[in-house]
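Pasted below: structure-v6.cif, mmCIF, C-alpha atoms, pLDDT in the B column; chains and numbers go by the auth columns.
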data_start
#
loop_
_atom_site.group_PDB
_atom_site.id
_atom_site.type_symbol
_atom_site.label_atom_id
_atom_site.label_comp_id
_atom_site.label_asym_id
_atom_site.label_seq_id
_atom_site.Cartn_x
_atom_site.Cartn_y
_atom_site.Cartn_z
_atom_site.B_iso_or_equiv
_atom_site.auth_seq_id
_atom_site.auth_asym_id
ATOM 1 C CA MET A 1 0.000 0.000 0.000 48.00 1 A
ATOM 2 C CA SER A 2 2.903 2.362 0.634 50.00 2 A
ATOM 3 C CA ASN A 3 6.434 2.705 -0.665 54.00 3 A
ATOM 4 C CA VAL A 4 9.000 5.168 0.641 57.00 4 A
ATOM 5 C CA THR A 5 12.146 3.245 -0.166 53.00 5 A
ATOM 6 C CA SER A 6 12.411 4.757 -3.649 75.00 6 A
ATOM 7 C CA ILE A 7 11.991 8.374 -2.526 87.00 7 A
ATOM 8 C CA GLN A 8 15.115 10.501 -2.369 92.00 8 A
ATOM 9 C CA GLU A 9 15.614 11.956 1.097 92.00 9 A
ATOM 10 C CA LEU A 10 16.453 15.616 1.499 94.00 10 A
ATOM 11 C CA ASP A 11 19.896 16.582 2.729 94.00 11 A
ATOM 12 C CA GLU A 12 19.818 18.096 6.227 95.00 12 A
ATOM 13 C CA GLN A 13 21.391 21.317 4.914 96.00 13 A
ATOM 14 C CA VAL A 14 18.494 21.737 2.477 97.00 14 A
ATOM 15 C CA ILE A 15 15.968 21.176 5.265 97.00 15 A
ATOM 16 C CA ASN A 16 17.699 23.785 7.431 97.00 16 A
ATOM 17 C CA ARG A 17 17.571 26.318 4.604 97.00 17 A
ATOM 18 C CA PHE A 18 13.847 25.760 4.199 98.00 18 A
ATOM 19 C CA ARG A 19 13.366 26.271 7.939 98.00 19 A
ATOM 20 C CA LYS A 20 14.799 29.773 7.614 97.00 20 A
ATOM 21 C CA VAL A 21 12.785 31.030 4.632 98.00 21 A
ATOM 22 C CA SER A 22 9.156 32.083 4.353 98.00 22 A
ATOM 23 C CA THR A 23 6.465 30.571 2.171 98.00 23 A
ATOM 24 C CA ALA A 24 6.101 33.992 0.531 98.00 24 A
ATOM 25 C CA THR A 25 9.738 33.900 -0.575 98.00 25 A
ATOM 26 C CA LEU A 26 9.374 30.324 -1.785 98.00 26 A
ATOM 27 C CA HIS A 27 6.338 31.263 -3.847 98.00 27 A
ATOM 28 C CA THR A 28 8.286 34.044 -5.570 97.00 28 A
ATOM 29 C CA ALA A 29 11.233 31.723 -6.249 98.00 29 A
ATOM 30 C CA LEU A 30 8.932 29.124 -7.811 98.00 30 A
ATOM 31 C CA PHE A 31 6.952 31.753 -9.708 98.00 31 A
ATOM 32 C CA LYS A 32 10.176 32.962 -11.338 96.00 32 A
ATOM 33 C CA ARG A 33 10.614 29.440 -12.693 97.00 33 A
ATOM 34 C CA GLY A 34 7.096 29.292 -14.092 97.00 34 A
ATOM 35 C CA PHE A 35 5.450 27.345 -11.262 98.00 35 A
ATOM 36 C CA ARG A 36 2.174 29.142 -10.576 96.00 36 A
ATOM 37 C CA ASN A 37 0.129 26.589 -8.632 98.00 37 A
ATOM 38 C CA THR A 38 2.212 25.719 -5.581 98.00 38 A
ATOM 39 C CA PHE A 39 0.264 27.218 -2.641 98.00 39 A
ATOM 40 C CA ILE A 40 -2.313 24.939 -0.997 98.00 40 A
ATOM 41 C CA GLN A 41 -5.590 26.846 -1.005 98.00 41 A
ATOM 42 C CA ASN A 42 -7.934 27.393 1.965 98.00 42 A
ATOM 43 C CA VAL A 43 -5.632 25.735 4.490 98.00 43 A
ATOM 44 C CA SER A 44 -4.101 27.478 7.501 98.00 44 A
ATOM 45 C CA ARG A 45 -2.035 26.699 10.572 98.00 45 A
ATOM 46 C CA VAL A 46 -3.966 25.312 13.533 98.00 46 A
ATOM 47 C CA ASN A 47 -1.229 25.577 16.172 98.00 47 A
ATOM 48 C CA LYS A 48 -1.308 28.384 18.697 97.00 48 A
ATOM 49 C CA LYS A 49 2.502 28.281 18.710 96.00 49 A
ATOM 50 C CA LYS A 50 4.299 29.702 15.682 96.00 50 A
ATOM 51 C CA VAL A 51 5.568 26.313 14.545 97.00 51 A
ATOM 52 C CA LYS A 52 7.398 25.971 11.234 98.00 52 A
ATOM 53 C CA MET A 53 6.742 22.885 9.120 98.00 53 A
ATOM 54 C CA VAL A 54 9.318 21.404 6.750 98.00 54 A
ATOM 55 C CA GLY A 55 9.314 17.877 5.402 98.00 55 A
ATOM 56 C CA GLN A 56 8.544 15.546 2.531 98.00 56 A
ATOM 57 C CA ALA A 57 5.055 14.446 1.586 98.00 57 A
ATOM 58 C CA TYR A 58 3.574 11.103 2.575 98.00 58 A
ATOM 59 C CA THR A 59 0.240 11.085 0.760 98.00 59 A
ATOM 60 C CA LEU A 60 -3.200 9.702 1.605 98.00 60 A
ATOM 61 C CA ARG A 61 -6.042 9.808 -0.922 98.00 61 A
ATOM 62 C CA TYR A 62 -9.744 9.768 -0.071 98.00 62 A
ATOM 63 C CA ILE A 63 -12.830 9.356 -2.251 98.00 63 A
ATOM 64 C CA PRO A 64 -16.416 10.185 -1.195 98.00 64 A
ATOM 65 C CA ALA A 65 -17.747 7.959 1.571 98.00 65 A
ATOM 66 C CA ARG A 66 -20.471 5.373 0.988 97.00 66 A
ATOM 67 C CA GLU A 67 -22.925 4.360 3.697 96.00 67 A
ATOM 68 C CA ASP A 68 -22.535 0.585 3.394 96.00 68 A
ATOM 69 C CA LEU A 69 -18.739 0.748 3.710 96.00 69 A
ATOM 70 C CA ASP A 70 -18.020 3.697 5.959 97.00 70 A
ATOM 71 C CA THR A 71 -19.488 2.648 9.272 96.00 71 A
ATOM 72 C CA VAL A 72 -17.846 2.877 12.695 94.00 72 A
ATOM 73 C CA ALA A 73 -16.879 -0.778 12.295 95.00 73 A
ATOM 74 C CA ALA A 74 -14.591 0.212 9.402 95.00 74 A
ATOM 75 C CA PHE A 75 -12.003 1.455 11.881 93.00 75 A
ATOM 76 C CA LYS A 76 -11.608 -2.079 13.267 94.00 76 A
ATOM 77 C CA ASP A 77 -9.965 -3.096 9.999 95.00 77 A
ATOM 78 C CA PRO A 78 -6.177 -3.070 10.624 94.00 78 A
ATOM 79 C CA GLN A 79 -5.698 -2.212 6.946 96.00 79 A
ATOM 80 C CA HIS A 80 -7.865 0.906 7.069 96.00 80 A
ATOM 81 C CA PRO A 81 -5.781 3.384 4.988 97.00 81 A
ATOM 82 C CA GLN A 82 -6.081 6.234 7.474 97.00 82 A
ATOM 83 C CA ARG A 83 -4.900 4.044 10.357 96.00 83 A
ATOM 84 C CA VAL A 84 -2.131 2.522 8.249 98.00 84 A
ATOM 85 C CA ALA A 85 -0.968 6.016 7.249 98.00 85 A
ATOM 86 C CA VAL A 86 -0.724 7.117 10.865 98.00 86 A
ATOM 87 C CA GLU A 87 1.320 4.041 11.769 98.00 87 A
ATOM 88 C CA THR A 88 3.613 3.973 8.728 98.00 88 A
ATOM 89 C CA VAL A 89 4.450 7.592 7.891 98.00 89 A
ATOM 90 C CA PRO A 90 8.231 7.779 8.422 98.00 90 A
ATOM 91 C CA GLU A 91 9.726 10.084 11.031 97.00 91 A
ATOM 92 C CA GLY A 92 10.076 13.606 9.672 98.00 92 A
ATOM 93 C CA MET A 93 7.682 13.121 6.755 98.00 93 A
ATOM 94 C CA ILE A 94 4.402 15.035 6.512 98.00 94 A
ATOM 95 C CA LEU A 95 1.084 13.223 6.209 98.00 95 A
ATOM 96 C CA VAL A 96 -0.884 14.989 3.455 98.00 96 A
ATOM 97 C CA SER A 97 -4.561 14.146 3.006 98.00 97 A
ATOM 98 C CA ASP A 98 -6.501 14.681 -0.213 98.00 98 A
ATOM 99 C CA CYS A 99 -10.109 15.144 0.886 98.00 99 A
ATOM 100 C CA ARG A 100 -11.340 16.863 -2.271 98.00 100 A
ATOM 101 C CA GLN A 101 -11.537 20.184 -0.375 98.00 101 A
ATOM 102 C CA ASP A 102 -14.588 18.969 1.528 98.00 102 A
ATOM 103 C CA ALA A 103 -14.245 20.362 5.046 97.00 103 A
ATOM 104 C CA SER A 104 -17.752 19.401 6.116 98.00 104 A
ATOM 105 C CA ALA A 105 -16.154 16.423 7.887 98.00 105 A
ATOM 106 C CA ALA A 106 -12.867 15.897 9.688 98.00 106 A
ATOM 107 C CA SER A 107 -9.852 14.068 8.304 97.00 107 A
ATOM 108 C CA ALA A 108 -8.303 13.439 11.740 98.00 108 A
ATOM 109 C CA GLY A 109 -8.804 14.159 15.423 98.00 109 A
ATOM 110 C CA SER A 110 -6.691 14.610 18.534 98.00 110 A
ATOM 111 C CA ILE A 111 -6.036 10.871 19.054 98.00 111 A
ATOM 112 C CA LEU A 112 -4.554 10.299 15.608 98.00 112 A
ATOM 113 C CA LEU A 113 -2.730 13.620 15.671 98.00 113 A
ATOM 114 C CA ALA A 114 -1.254 12.783 19.088 98.00 114 A
ATOM 115 C CA ARG A 115 -0.045 9.474 17.644 98.00 115 A
ATOM 116 C CA LEU A 116 1.596 11.328 14.745 98.00 116 A
ATOM 117 C CA GLU A 117 3.229 13.706 17.196 98.00 117 A
ATOM 118 C CA PHE A 118 4.568 10.800 19.282 98.00 118 A
ATOM 119 C CA ARG A 119 5.956 9.134 16.156 98.00 119 A
ATOM 120 C CA LYS A 120 7.793 12.394 15.273 98.00 120 A
ATOM 121 C CA CYS A 121 5.874 12.962 12.075 98.00 121 A
ATOM 122 C CA GLY A 122 6.920 16.186 10.340 98.00 122 A
ATOM 123 C CA GLY A 123 3.375 17.548 10.210 98.00 123 A
ATOM 124 C CA PHE A 124 -0.196 17.018 9.095 98.00 124 A
ATOM 125 C CA VAL A 125 -1.854 18.779 6.139 98.00 125 A
ATOM 126 C CA SER A 126 -5.442 18.318 4.992 98.00 126 A
ATOM 127 C CA ASP A 127 -7.830 20.243 2.773 98.00 127 A
ATOM 128 C CA ALA A 128 -10.652 19.006 5.033 98.00 128 A
ATOM 129 C CA GLY A 129 -11.322 19.822 8.668 97.00 129 A
ATOM 130 C CA ILE A 130 -10.045 18.344 11.907 98.00 130 A
ATOM 131 C CA ARG A 131 -11.954 17.495 15.070 98.00 131 A
ATOM 132 C CA ASP A 132 -10.948 18.226 18.658 98.00 132 A
ATOM 133 C CA PHE A 133 -9.651 21.532 17.359 98.00 133 A
ATOM 134 C CA ASP A 134 -8.940 23.111 20.751 97.00 134 A
ATOM 135 C CA ASP A 135 -6.783 20.201 21.912 97.00 135 A
ATOM 136 C CA SER A 136 -5.057 19.886 18.555 97.00 136 A
ATOM 137 C CA SER A 137 -4.162 23.567 18.488 98.00 137 A
ATOM 138 C CA ASN A 138 -1.977 23.073 21.577 98.00 138 A
ATOM 139 C CA MET A 139 0.173 20.366 19.979 98.00 139 A
ATOM 140 C CA ASP A 140 3.784 20.792 18.865 98.00 140 A
ATOM 141 C CA LEU A 141 3.040 18.774 15.711 98.00 141 A
ATOM 142 C CA PRO A 142 2.569 21.283 12.867 98.00 142 A
ATOM 143 C CA ILE A 143 -1.064 20.991 11.734 98.00 143 A
ATOM 144 C CA PHE A 144 -2.614 22.714 8.722 98.00 144 A
ATOM 145 C CA CYS A 145 -6.246 22.235 7.715 98.00 145 A
ATOM 146 C CA ALA A 146 -9.289 24.027 6.315 98.00 146 A
ATOM 147 C CA LYS A 147 -11.251 24.562 9.534 98.00 147 A
ATOM 148 C CA PRO A 148 -12.613 22.919 12.692 98.00 148 A
ATOM 149 C CA SER A 149 -15.072 20.153 11.835 98.00 149 A
ATOM 150 C CA ALA A 150 -16.744 17.851 14.367 98.00 150 A
ATOM 151 C CA PRO A 151 -18.157 15.124 12.051 97.00 151 A
ATOM 152 C CA THR A 152 -16.035 11.987 11.748 96.00 152 A
ATOM 153 C CA ASN A 153 -14.296 11.439 8.424 95.00 153 A
ATOM 154 C CA LEU A 154 -16.503 8.368 7.840 96.00 154 A
ATOM 155 C CA THR A 155 -19.419 10.677 7.032 96.00 155 A
ATOM 156 C CA LYS A 156 -17.699 12.087 3.936 97.00 156 A
ATOM 157 C CA HIS A 157 -14.296 10.526 3.324 98.00 157 A
ATOM 158 C CA HIS A 158 -13.317 6.987 2.334 98.00 158 A
ATOM 159 C CA GLY A 159 -9.571 6.330 2.458 97.00 159 A
ATOM 160 C CA VAL A 160 -8.321 4.353 -0.520 98.00 160 A
ATOM 161 C CA GLU A 161 -4.546 4.488 -0.989 97.00 161 A
ATOM 162 C CA LEU A 162 -1.205 5.805 0.208 98.00 162 A
ATOM 163 C CA GLN A 163 1.839 7.213 -1.521 98.00 163 A
ATOM 164 C CA VAL A 164 0.192 8.136 -4.818 98.00 164 A
ATOM 165 C CA PRO A 165 -0.044 11.562 -6.497 98.00 165 A
ATOM 166 C CA ILE A 166 -2.882 13.539 -4.930 98.00 166 A
ATOM 167 C CA GLY A 167 -4.509 16.945 -5.078 98.00 167 A
ATOM 168 C CA CYS A 168 -4.575 18.916 -1.820 98.00 168 A
ATOM 169 C CA GLY A 169 -6.161 22.354 -1.849 98.00 169 A
ATOM 170 C CA SER A 170 -6.039 22.433 -5.672 98.00 170 A
ATOM 171 C CA VAL A 171 -2.293 21.674 -5.746 98.00 171 A
ATOM 172 C CA ALA A 172 -0.685 18.506 -7.090 98.00 172 A
ATOM 173 C CA VAL A 173 1.338 16.745 -4.386 98.00 173 A
ATOM 174 C CA TYR A 174 3.589 13.831 -5.289 98.00 174 A
ATOM 175 C CA PRO A 175 5.121 11.473 -2.719 98.00 175 A
ATOM 176 C CA GLY A 176 8.408 12.971 -1.578 98.00 176 A
ATOM 177 C CA ASP A 177 7.604 16.548 -2.595 98.00 177 A
ATOM 178 C CA VAL A 178 8.790 19.140 -0.089 98.00 178 A
ATOM 179 C CA LEU A 179 6.199 20.979 1.979 98.00 179 A
ATOM 180 C CA VAL A 180 6.962 24.163 3.892 98.00 180 A
ATOM 181 C CA GLY A 181 4.339 25.668 6.190 98.00 181 A
ATOM 182 C CA ASP A 182 4.212 28.871 8.233 98.00 182 A
ATOM 183 C CA GLY A 183 1.700 31.545 9.198 98.00 183 A
ATOM 184 C CA ASP A 184 0.839 32.241 5.556 98.00 184 A
ATOM 185 C CA GLY A 185 0.031 28.620 4.711 98.00 185 A
ATOM 186 C CA VAL A 186 1.697 25.712 2.911 98.00 186 A
ATOM 187 C CA MET A 187 3.911 25.654 -0.172 98.00 187 A
ATOM 188 C CA VAL A 188 4.643 22.540 -2.252 98.00 188 A
ATOM 189 C CA ILE A 189 8.090 22.319 -3.867 98.00 189 A
ATOM 190 C CA PRO A 190 8.820 19.578 -6.423 98.00 190 A
ATOM 191 C CA LEU A 191 11.527 17.328 -4.996 97.00 191 A
ATOM 192 C CA GLU A 192 13.612 17.513 -8.184 97.00 192 A
ATOM 193 C CA ILE A 193 14.298 21.239 -7.744 98.00 193 A
ATOM 194 C CA ALA A 194 14.119 21.469 -3.940 98.00 194 A
ATOM 195 C CA GLU A 195 17.832 22.039 -3.363 97.00 195 A
ATOM 196 C CA GLU A 196 18.031 24.747 -6.036 98.00 196 A
ATOM 197 C CA ILE A 197 14.950 26.507 -4.666 98.00 197 A
ATOM 198 C CA SER A 198 16.312 26.375 -1.106 98.00 198 A
ATOM 199 C CA LEU A 199 19.515 28.119 -2.227 98.00 199 A
ATOM 200 C CA GLU A 200 17.665 30.718 -4.268 98.00 200 A
ATOM 201 C CA ALA A 201 15.173 31.443 -1.484 98.00 201 A
ATOM 202 C CA ALA A 202 17.966 31.827 1.092 97.00 202 A
ATOM 203 C CA ALA A 203 19.712 34.360 -1.169 96.00 203 A
ATOM 204 C CA MET A 204 16.436 36.212 -1.711 96.00 204 A
ATOM 205 C CA GLU A 205 15.801 36.499 2.016 96.00 205 A
ATOM 206 C CA ARG A 206 19.301 37.865 2.664 95.00 206 A
ATOM 207 C CA PHE A 207 18.663 40.583 0.111 96.00 207 A
ATOM 208 C CA GLU A 208 15.180 41.303 1.463 95.00 208 A
ATOM 209 C CA ALA A 209 16.612 41.729 4.967 95.00 209 A
ATOM 210 C CA TYR A 210 18.916 44.384 3.481 94.00 210 A
ATOM 211 C CA VAL A 211 15.930 46.023 1.753 96.00 211 A
ATOM 212 C CA ILE A 212 13.844 46.090 4.931 96.00 212 A
ATOM 213 C CA ALA A 213 16.713 47.687 6.848 95.00 213 A
ATOM 214 C CA LYS A 214 16.963 50.396 4.167 95.00 214 A
ATOM 215 C CA VAL A 215 13.192 51.000 4.166 97.00 215 A
ATOM 216 C CA ARG A 216 13.159 51.366 7.937 97.00 216 A
ATOM 217 C CA THR A 217 15.754 54.119 7.672 96.00 217 A
ATOM 218 C CA GLY A 218 13.706 56.066 5.116 97.00 218 A
ATOM 219 C CA SER A 219 14.606 54.641 1.689 96.00 219 A
ATOM 220 C CA LYS A 220 11.923 54.656 -1.000 96.00 220 A
ATOM 221 C CA VAL A 221 10.778 51.308 -2.396 97.00 221 A
ATOM 222 C CA ILE A 222 10.953 52.444 -6.037 97.00 222 A
ATOM 223 C CA GLY A 223 14.379 51.514 -7.368 95.00 223 A
ATOM 224 C CA LEU A 224 15.145 49.519 -4.243 96.00 224 A
ATOM 225 C CA TYR A 225 12.773 46.606 -4.716 95.00 225 A
ATOM 226 C CA PRO A 226 13.129 45.429 -7.444 93.00 226 A
ATOM 227 C CA PRO A 227 16.679 46.774 -7.269 95.00 227 A
ATOM 228 C CA THR A 228 18.485 48.942 -9.776 95.00 228 A
ATOM 229 C CA ASP A 229 22.037 48.015 -10.791 95.00 229 A
ATOM 230 C CA LYS A 230 23.298 50.645 -8.361 94.00 230 A
ATOM 231 C CA VAL A 231 21.389 49.106 -5.451 95.00 231 A
ATOM 232 C CA LEU A 232 22.683 45.651 -6.326 95.00 232 A
ATOM 233 C CA GLU A 233 26.236 46.974 -6.406 95.00 233 A
ATOM 234 C CA GLU A 234 25.770 48.600 -2.980 93.00 234 A
ATOM 235 C CA TYR A 235 24.289 45.349 -1.643 94.00 235 A
ATOM 236 C CA ASN A 236 27.200 43.270 -2.957 93.00 236 A
ATOM 237 C CA GLN A 237 29.681 45.683 -1.419 92.00 237 A
ATOM 238 C CA ALA A 238 27.852 45.458 1.898 89.00 238 A
ATOM 239 C CA LYS A 239 28.057 41.643 1.731 87.00 239 A
ATOM 240 C CA LEU A 240 31.800 41.800 1.082 87.00 240 A
ATOM 241 C CA ALA A 241 32.275 44.154 4.013 86.00 241 A
ATOM 242 C CA GLU A 242 30.377 41.770 6.313 85.00 242 A
ATOM 243 C CA ALA A 243 32.434 38.812 5.079 81.00 243 A
ATOM 244 C CA ASN A 244 35.657 40.644 5.872 74.00 244 A
#

Could you write out this structure as structure tokens?
Amino acid sequence: MSNVTSIQELDEQVINRFRKVSTATLHTALFKRGFRNTFIQNVSRVNKKKVKMVGQAYTLRYIPAREDLDTVAAFKDPQHPQRVAVETVPEGMILVSDCRQDASAASAGSILLARLEFRKCGGFVSDAGIRDFDDSSNMDLPIFCAKPSAPTNLTKHHGVELQVPIGCGSVAVYPGDVLVGDGDGVMVIPLEIAEEISLEAAAMERFEAYVIAKVRTGSKVIGLYPPTDKVLEEYNQAKLAEAN
């Protein structure tokens, strides 16, 4: 049902770079390369703490529930895809649920989320709701979903398979893709270009820190951001001075 052995693991240096950059910066870096649909729609951070989420996708796909199959007894099946996902997602990877953007029912609750937290999962992302919202919001596990939703997932969602390409919040997510989440939401970065994007985003944020410092001392934005050749020269000289 699942296969993670063939997925390339991210280098720790790449992960650390992603931890230091914002989703806004990542969106701009991807947009420059022609990637326009990389931000998961209608999903936000649940946690009261300002947790940062970085990890690779472990995917779970749902189809609409059907009354004869999705009864409470379904959870007794040890092969129930949702339960299997919770028990097999590797440490550091993010469980991503494709619920067809139907948040009228939950895709997880505090018990399953607590299990993911204990197993050191990298995070949980769903374009549906979650139950036990108040308890879940106090967890350290990064959690991103559409909204609070009390109804059990059995009322709307039937889990079918793991580690297949899915759509979450109108974005394609492939197993192993890199997800980065912060207060703005969740970005999806194709694994094949993750290292390049991490380097580009880190460089962008260093320059933007320089820009913000200039703005706070009275500089006008026009000509500064985007920068003129003169501004870029000044920035490069400032970098050299810092290095020395």

Given all atoms listed in the file, how would the per-residue table for range 151-195 of chain A near range 77-84 of chain A read, listing every residue at most 9 Å away with its closest atom pair and distance in Å to one decimal, sorted by chain and number, as a tab-separated table?
residue	atom	partner	partner_atom	distance
A:His158	CA	A:Pro81	CA	8.8
A:Gly159	CA	A:Pro81	CA	5.4
A:Val160	CA	A:Pro81	CA	6.1
A:Glu161	CA	A:Pro81	CA	6.2
A:Leu162	CA	A:Pro81	CA	7.0

Given only C-alpha atoms as the counted atoms, nearest of A:Arg115, A:Arg66, A:Lys20, A:Lys49 to Leu154 in chain A: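 That would be A:Arg66, the residue with the smallest distance to Leu154 in chain A.
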
Give the answer as one residue: which of A:Ala73, A:Ala57, A:Leu199, A:Leu95 has the shortest atom-to-atom distance to Asn16 in chain A, using only C-alpha atoms? A:Leu199

Point out the residue among A:Leu60, A:Val21, A:Met53, A:Ile166 with the least atom-to-atom distance to Ala202 in chain A, counting only C-alpha atoms. A:Val21

How would you write, as a ChimeraX atom specification, the residues chosen by the PyMOL selection byres ((chain A and resi 29) around 10) on this structure? /A:23-28,30-35,196-202,204

For the point (-9.9, 22.3, 11.0) in the file's frame, write as JSON, numbers by chain all residues with an atom no more than 10 Å away, counting all atoms listed in the file. {"A": [43, 44, 45, 46, 103, 104, 105, 106, 107, 108, 109, 126, 127, 128, 129, 130, 131, 132, 133, 134, 136, 137, 143, 144, 145, 146, 147, 148, 149, 150]}

A:Val186, A:Lys120, A:Leu10, A:Lys239: which is nearest Ala203 in chain A, counting only C-alpha atoms? A:Lys239

Using all atoms listed in the file, which of A:Tyr62, A:Asp70, A:Tyr210, A:Lys76 sits nearest Gln237 in chain A? A:Tyr210

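The two atoms in question, CA of Ser110 in chain A and CA of Val86 in chain A, are spaced 12.3 Å apart.
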
Have a look at CA of Gly176 in chain A and CA of Glu9 in chain A and let me know their distance in Å, one decimal.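 Value for the CA of Gly176 in chain A-CA of Glu9 in chain A distance: 7.8 Å.
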
Return as an mmCIF file with C-alpha atoms, keeping the file's coordinate frame the set of residues that the PyMOL selection byres ((chain A and resi 38-40) around 6) yields on the displayed structure.
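Result file is selection_37.cif:
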data_model
loop_
_atom_site.group_PDB
_atom_site.id
_atom_site.type_symbol
_atom_site.label_atom_id
_atom_site.label_comp_id
_atom_site.auth_asym_id
_atom_site.auth_seq_id
_atom_site.Cartn_x
_atom_site.Cartn_y
_atom_site.Cartn_z
ATOM 1 C CA ASN A 37 0.129 26.589 -8.632
ATOM 2 C CA GLN A 41 -5.590 26.846 -1.005
ATOM 3 C CA GLY A 169 -6.161 22.354 -1.849
ATOM 4 C CA VAL A 171 -2.293 21.674 -5.746
ATOM 5 C CA VAL A 186 1.697 25.712 2.911
ATOM 6 C CA MET A 187 3.911 25.654 -0.172
ATOM 7 C CA VAL A 188 4.643 22.540 -2.252
#

Counting only C-alpha atoms, note down every residue that has an atom within 8 Å of the point (11.7, 13.4, 15.0) (file coordinates), as a list in words.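 So the residues meeting the distance criterion are Glu91, Gly92, Arg119, Lys120, Cys121 and Gly122 of chain A.
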
Report, in Å to a single decimal, how far apart CA of Val221 in chain A and CA of Lys50 in chain A are. 28.9 Å
